[in-house]
Amino acid sequence: MKKIQLKILETSDMHGAIFPLHYGTNQPAAHGLARLSTAIKKIQEENDHLLLIDNGDFLQGTPLASFYFRSLRQDVHPMIKAMNDLPYDAAVLGNHEFNYGLAILNKAATDARFPFLSANILDKRTGKPYFGRPYIIKHFASGIKAAVLGVTTGYIPNWEKPDHIRGLAFDDAVAAVAEWVPYIKKTEKPDIMIVSYHGGFEMDLSSKRQIEAREKGENQAYRICTEIEGIDVLLTGHQHRIAAEFVNGVAVVQPGFSGAAIAQVTAEFHVSAGAIKLADLSVGVLEAKEFEADEALLQLVEKEERQTQQWLDEVIGTIEGSMKIEDPFRARLKEHPLIELINRVQMEASQTDISCTSLFYNEAGGLPSQVTMRDIVSNYIYPNSLAVIEITGAEMKEALERSASYFRLLPDQTVGVSPRFSYPKPQHYNYDMWEGIQYTINVHKAPGSRVEKIIYRGKPVQADGLYQVVMNNYRAGGGGDYSMFKGKTIIKEIQTDMAELLADYIRRHGVVKAETNQNWKVVY
């Protein structure tokens with residue numbers, strides 16, 4: 001009997017991170033595909049049996065990716081260049097792959113020398129997988145046959161601009177896996193069945209406590225493990241978590257985000273007289289900080305990086321006063337000049353006098369006195385455009401209550417962040433701050449009844465009154481569980497990315513004052 005090991009390597013939620021760099025400061029970082037490439041190439045040298053899979057959200061996220069979409073769209077995307085070089089065996093589509101529309105995504109698929117997999121993203125005209133291949137079969141010289149099925153969270157229509165997904169149908173991921181796994185096992189007879197799912201867990205794996213409503217369907221990995229037979233390995237992502245364990249006998253991994261780690265599943269097979277048996281599975285995670293960057297990979301995209309750095313260093317204007325963020329939580333607890341500026345830019349661009357926005361992530365440092373594009377894209381990290389929708393006063397109250405549930409009262413009567421916004425995936429970007437109205441959030445009250453005194457133009461907001469509000473396209477589509485916005489008619493759309501609108505505003509004014517009008521407050 002012969003023992004053979006197959007190494008399955010997974011990256012996920014890379015978000016355009018190739019260089020081991022914090023773009024906001026240009027300081028070294030313990031992440032990025034270049035660091036992981038060193039690990040990958042070492043494992044490739046040591047193993048004849050290897051699968052390299054990306055689990056989605058690889059095209060969007062860093063300034064390098066942003067500059068590509070801004071200025072280099074006719075070229076090959078830097079991530080595709082790097083992934084072709086390694087090379088990857090396949091990539092599953094993530095939700096952020098759709099942020100720039102199908103034309104860009106189709107070009108990436110054409111440029112990639114590996115297939116894009118997603119069995120549940122269908123062409124409405126044909127009912128077949130839009131990108132052609134729901135799964136791959138990889139044959140090894142030993143006779144071992146590995147199947148990899150790709151599926152994507154079906155929740156994308158709740159986030160993405162309709163124009164970006166026109167002509168596509170997003171089937172339920174559990175239903176797709178339940179359909180395809182038996183088919184693959186019967187038709188292909190693989191020796192190992194791998195599912196790569198761009199989605200995470202709706203359950204806490206240690207306590208088995210439900211952390212997401214079943215009907216939401218954004219994350220369904222637990223159901224996939226427990227309801228569908230025949231899966232040996234489940235590669236997960238989307239939640240930006242680290243996981244390496246077994247669920248209902250299925251080997252499960254998730255490697256975090258931005259290339260901070262790579263997940264590894266080792267499958268041991270016993271081969272005897274032509275018979276192949278999967279004998280054992282083990283799981284683990286390798287951290288990028290343990291590896292130096294692969295200089296050969298960095299050289300592949302050096303030109304794009306150099307152009308990106310030149311763009312980032314362009315000085316746009318000056319801030320009078322302080323717009324720095326010392327504590328991201330304090331910037332959400334009390335109105336901050338950066339949030340005031342973003343809302344002000346949204347209102348001017350849309351000619352609307354009510355606006356809402358969020359502080360997107362906890363690494364945002366605010367704006368220094370001399371503002372460059374680096375500062376803009378480090379604080380406004382998503383490729384959002386703007387939409388104006390009309391809502392009722394009752395819906396405004398409901399949206400404000402959703403934001404107010406971000407806070408919780410701690411035992412010492414101070415205020416903190418609700419676990420629902422921090423676990424299993426940090427969702428600070430789902431706490432909105434509004435401009436053009438006055439309101440108070442009272443954290444002493446129960447969630448759902450915390451918002452007091454909503455005033456518009458000196459008068460209380462009427463439940464049945466109609467109000468036009470500008471917000472980013474993600475929120476206008478109901479993203480972040482703002483279901484009261486979903487399906488609203490878009491009165492006006494501003495297609496320019498918010499990062500560009502912010503840069504143009506500062507450039508036009510030259511000097512921007514750091515100020516707030518204190519139109520809202522949180523009491524506790």
# chains A, B, ... in the order shown; residues from 1 in each chain; ligands from 1
>>> residues_around(residues="Leu33 (chain A)", least_positions_apart="3", cutoff="9 Å", atoms="only C-alpha atoms", output="list in words")
Thr11, Met14, Gly16, Ala17, Ile18, Phe19, Pro20, Leu36, Ser37, Thr38, Met79, Ala82, Met83, Ser258, Gly259, Ala260, Ala288, Ala293, Asp294 and Leu297 of chain A
>>> write_last_selection(atoms="C-alpha atoms", output="tab-separated table (two decimals), in the first residue's frame")
chain	number	residue	atom	x	y	z
A	11	THR	CA	-6.75	32.05	-0.20
A	14	MET	CA	-7.55	38.96	-0.72
A	16	GLY	CA	-6.38	43.19	-4.18
A	17	ALA	CA	-3.60	42.84	-1.58
A	18	ILE	CA	-0.38	41.81	-3.31
A	19	PHE	CA	2.26	43.99	-1.66
A	20	PRO	CA	3.08	43.61	2.05
A	36	LEU	CA	1.81	33.91	0.62
A	37	SER	CA	3.46	33.22	-2.74
A	38	THR	CA	6.68	32.30	-0.93
A	79	MET	CA	-4.24	40.24	-9.18
A	82	ALA	CA	-0.12	37.37	-10.01
A	83	MET	CA	-2.62	34.51	-9.80
A	258	SER	CA	-5.96	40.57	2.72
A	259	GLY	CA	-3.57	37.64	2.55
A	260	ALA	CA	-2.77	37.60	6.26
A	288	ALA	CA	1.88	35.39	6.05
A	293	ALA	CA	7.67	38.58	0.09
A	294	ASP	CA	8.30	36.85	-3.23
A	297	LEU	CA	5.92	38.13	-8.00
>>> closest_atom_pairs(of="region 376-399 of chain A", to="region 336-346 of chain A", cutoff="10 Å", atoms="only C-alpha atoms", output="CSV")
residue,atom,partner,partner_atom,distance
A:Asn379,CA,A:Leu338,CA,9.1
A:Tyr380,CA,A:Ile342,CA,9.1
A:Ser385,CA,A:Gln346,CA,9.6
A:Leu386,CA,A:Gln346,CA,7.4
A:Ala387,CA,A:Gln346,CA,9.4
A:Val388,CA,A:Gln346,CA,9.8
>>> write_last_selection(atoms="all heavy atoms", output="PDB file, in the first residue's frame")
ATOM      1  N   ASN A 379      -9.312  56.263   3.623  1.00  0.00           N
ATOM      2  CA  ASN A 379     -10.474  56.495   4.487  1.00  0.00           C
ATOM      3  C   ASN A 379     -11.780  56.080   3.829  1.00  0.00           C
ATOM      4  O   ASN A 379     -12.683  55.579   4.502  1.00  0.00           O
ATOM      5  CB  ASN A 379     -10.549  57.976   4.869  1.00  0.00           C
ATOM      6  CG  ASN A 379      -9.544  58.360   5.930  1.00  0.00           C
ATOM      7  OD1 ASN A 379      -9.775  58.170   7.121  1.00  0.00           O
ATOM      8  ND2 ASN A 379      -8.400  58.887   5.511  1.00  0.00           N
ATOM      9  N   TYR A 380     -11.882  56.299   2.522  1.00  0.00           N
ATOM     10  CA  TYR A 380     -13.084  55.873   1.788  1.00  0.00           C
ATOM     11  C   TYR A 380     -12.667  54.717   0.894  1.00  0.00           C
ATOM     12  O   TYR A 380     -12.214  54.905  -0.232  1.00  0.00           O
ATOM     13  CB  TYR A 380     -13.686  57.017   0.964  1.00  0.00           C
ATOM     14  CG  TYR A 380     -15.158  56.798   0.701  1.00  0.00           C
ATOM     15  CD1 TYR A 380     -16.128  57.520   1.385  1.00  0.00           C
ATOM     16  CD2 TYR A 380     -15.591  55.830  -0.200  1.00  0.00           C
ATOM     17  CE1 TYR A 380     -17.486  57.299   1.177  1.00  0.00           C
ATOM     18  CE2 TYR A 380     -16.928  55.594  -0.410  1.00  0.00           C
ATOM     19  CZ  TYR A 380     -17.869  56.330   0.273  1.00  0.00           C
ATOM     20  OH  TYR A 380     -19.210  56.083   0.067  1.00  0.00           O
ATOM     21  N   SER A 385     -20.879  54.534  -5.473  1.00  0.00           N
ATOM     22  CA  SER A 385     -21.473  55.712  -6.085  1.00  0.00           C
ATOM     23  C   SER A 385     -22.645  56.122  -5.192  1.00  0.00           C
ATOM     24  O   SER A 385     -22.857  55.536  -4.124  1.00  0.00           O
ATOM     25  CB  SER A 385     -21.932  55.417  -7.510  1.00  0.00           C
ATOM     26  OG  SER A 385     -22.869  54.361  -7.529  1.00  0.00           O
ATOM     27  N   LEU A 386     -23.392  57.130  -5.602  1.00  0.00           N
ATOM     28  CA  LEU A 386     -24.462  57.665  -4.759  1.00  0.00           C
ATOM     29  C   LEU A 386     -25.821  57.465  -5.398  1.00  0.00           C
ATOM     30  O   LEU A 386     -25.959  57.440  -6.623  1.00  0.00           O
ATOM     31  CB  LEU A 386     -24.245  59.161  -4.508  1.00  0.00           C
ATOM     32  CG  LEU A 386     -22.968  59.559  -3.784  1.00  0.00           C
ATOM     33  CD1 LEU A 386     -22.893  61.075  -3.654  1.00  0.00           C
ATOM     34  CD2 LEU A 386     -22.871  58.893  -2.415  1.00  0.00           C
ATOM     35  N   ALA A 387     -26.830  57.338  -4.537  1.00  0.00           N
ATOM     36  CA  ALA A 387     -28.212  57.242  -5.003  1.00  0.00           C
ATOM     37  C   ALA A 387     -29.085  58.072  -4.076  1.00  0.00           C
ATOM     38  O   ALA A 387     -28.867  58.112  -2.858  1.00  0.00           O
ATOM     39  CB  ALA A 387     -28.682  55.789  -5.016  1.00  0.00           C
ATOM     40  N   VAL A 388     -30.074  58.742  -4.660  1.00  0.00           N
ATOM     41  CA  VAL A 388     -31.079  59.479  -3.886  1.00  0.00           C
ATOM     42  C   VAL A 388     -32.372  58.677  -3.955  1.00  0.00           C
ATOM     43  O   VAL A 388     -32.855  58.337  -5.035  1.00  0.00           O
ATOM     44  CB  VAL A 388     -31.314  60.887  -4.464  1.00  0.00           C
ATOM     45  CG1 VAL A 388     -32.401  61.615  -3.673  1.00  0.00           C
ATOM     46  CG2 VAL A 388     -30.018  61.693  -4.447  1.00  0.00           C
TER      47      VAL A 388
END
>>> select_by_dssp(residues="region 94-307 of chain A", states="strand (DSSP E)", output="PyMOL selection string")
chain A and resi 116-117+121-123+135-139+145-152+168-170+192-198+233-235+242-247+250-255+261-272+275-287
>>> residues_around(residues="Asp353 (chain A)", least_positions_apart="4", cutoff="9 Å", atoms="only C-alpha atoms", output="list in words")
Arg344, Met347, Glu348, Glu435, Gly436, Ile437, Gln468, Val469 and Val470 of chain A
>>> write_last_selection(atoms="C-alpha atoms", output="PDB file, in the first residue's frame")
ATOM      1  CA  ARG A 344     -21.556  67.454   2.882  1.00  0.00           C
ATOM      2  CA  MET A 347     -25.388  66.459  -0.397  1.00  0.00           C
ATOM      3  CA  GLU A 348     -23.645  68.843  -2.779  1.00  0.00           C
ATOM      4  CA  GLU A 435     -26.796  65.029   8.180  1.00  0.00           C
ATOM      5  CA  GLY A 436     -29.668  67.404   7.380  1.00  0.00           C
ATOM      6  CA  ILE A 437     -31.758  66.232  10.326  1.00  0.00           C
ATOM      7  CA  GLN A 468     -35.375  62.508  -0.145  1.00  0.00           C
ATOM      8  CA  VAL A 469     -32.089  61.102   1.184  1.00  0.00           C
ATOM      9  CA  VAL A 470     -28.719  60.587  -0.507  1.00  0.00           C
TER      10      VAL A 470
END
>>> closest_residue(among="A:His96, A:Lys138, A:Lys185, A:Arg508", to="Gly56 (chain A)", atoms="only C-alpha atoms")
A:His96
>>> closest_residue(among="A:Leu149, A:Met471, A:Ala267, A:Leu64", to="Tyr183 (chain A)", atoms="only C-alpha atoms")
A:Leu149
>>> residues_around(residues="Val177 (chain A)", least_positions_apart="6", cutoff="9 Å", atoms="only C-alpha atoms", output="PyMOL selection string")
chain A and resi 119-120+149-151+195+224+228
>>> atom_distance(atom1="CA of Arg402 (chain A)", atom2="CA of Lys486 (chain A)")
14.1 Å
>>> select_by_dssp(residues="region 31-252 of chain A", states="alpha helix (DSSP H)", output="ChimeraX atom specification")
/A:33-46,63-71,78-85,102-111,173-187,221-227
>>> residues_around(residues="Pro87 (chain A)", least_positions_apart="2", cutoff="12 Å", atoms="only C-alpha atoms", output="list in words")
Leu9, Ser37, Ile40, Lys41, Gln44, Leu50, Leu51, Leu52, Ile53, Asp54, Met79, Ile80, Lys81, Ala82, Met83, Asn84, Asp85, Asp89, Ala90, Ala91, Ala112, Arg113, Phe114, Pro115 and Leu297 of chain A
>>> closest_residue(among="A:Tyr467, A:Tyr474, A:Phe485, A:Tyr361", to="His428 (chain A)", atoms="only C-alpha atoms")
A:Tyr361
>>> atom_distance(atom1="CA of Gly284 (chain A)", atom2="CA of Ala244 (chain A)")
5.5 Å
>>> closest_atom_pairs(of="region 128-207 of chain A", to="region 211-214 of chain A", cutoff="10 Å", atoms="only C-alpha atoms", output="tab-separated table")
residue	atom	partner	partner_atom	distance
A:Phe201	CA	A:Ile211	CA	8.4
A:Glu202	CA	A:Glu212	CA	4.9
A:Met203	CA	A:Ile211	CA	5.2
A:Asp204	CA	A:Ile211	CA	6.4
A:Leu205	CA	A:Ile211	CA	9.9
>>> write_last_selection(atoms="N, CA, C and O atoms", output="mmCIF file, in the first residue's frame")
data_model
loop_
_atom_site.group_PDB
_atom_site.id
_atom_site.type_symbol
_atom_site.label_atom_id
_atom_site.label_comp_id
_atom_site.auth_asym_id
_atom_site.auth_seq_id
_atom_site.Cartn_x
_atom_site.Cartn_y
_atom_site.Cartn_z
ATOM 1 N N PHE A 201 -20.166 31.210 8.149
ATOM 2 C CA PHE A 201 -20.996 30.407 9.040
ATOM 3 C C PHE A 201 -22.096 31.227 9.693
ATOM 4 O O PHE A 201 -21.851 32.322 10.201
ATOM 5 N N GLU A 202 -23.279 30.684 9.666
ATOM 6 C CA GLU A 202 -24.431 31.286 10.315
ATOM 7 C C GLU A 202 -24.565 30.833 11.763
ATOM 8 O O GLU A 202 -25.443 31.281 12.485
ATOM 9 N N MET A 203 -23.662 29.941 12.189
ATOM 10 C CA MET A 203 -23.644 29.426 13.555
ATOM 11 C C MET A 203 -22.286 29.722 14.180
ATOM 12 O O MET A 203 -21.269 29.754 13.491
ATOM 13 N N ASP A 204 -22.271 29.912 15.504
ATOM 14 C CA ASP A 204 -21.015 29.944 16.246
ATOM 15 C C ASP A 204 -20.535 28.498 16.379
ATOM 16 O O ASP A 204 -21.240 27.648 16.936
ATOM 17 N N LEU A 205 -19.367 28.192 15.847
ATOM 18 C CA LEU A 205 -18.939 26.805 15.768
ATOM 19 C C LEU A 205 -18.615 26.190 17.118
ATOM 20 O O LEU A 205 -18.706 24.977 17.285
#
>>> closest_residue(among="A:Pro368, A:Pro162, A:Gly143, A:Gly61", to="Ala275 (chain A)", atoms="only C-alpha atoms")
A:Gly143
>>> closest_residue(among="A:Lys521, A:Arg507, A:Lys2, A:Arg70", to="Pro383 (chain A)", atoms="only C-alpha atoms")
A:Arg70
>>> residues_around(residues="Met396 (chain A)", least_positions_apart="2", cutoff="9 Å", atoms="only C-alpha atoms", output="list in words")
Ile391, Thr392, Gly393, Ala394, Glu398, Ala399, Leu400, Glu401, Val461, Ala463, Tyr467 and Met484 of chain A
>>> closest_residue(among="A:Tyr406, A:Thr62, A:Glu287, A:Lys277", to="Ala261 (chain A)", atoms="only C-alpha atoms")
A:Glu287
>>> atom_distance(atom1="CA of Phe246 (chain A)", atom2="CA of Gln427 (chain A)")
26.2 Å
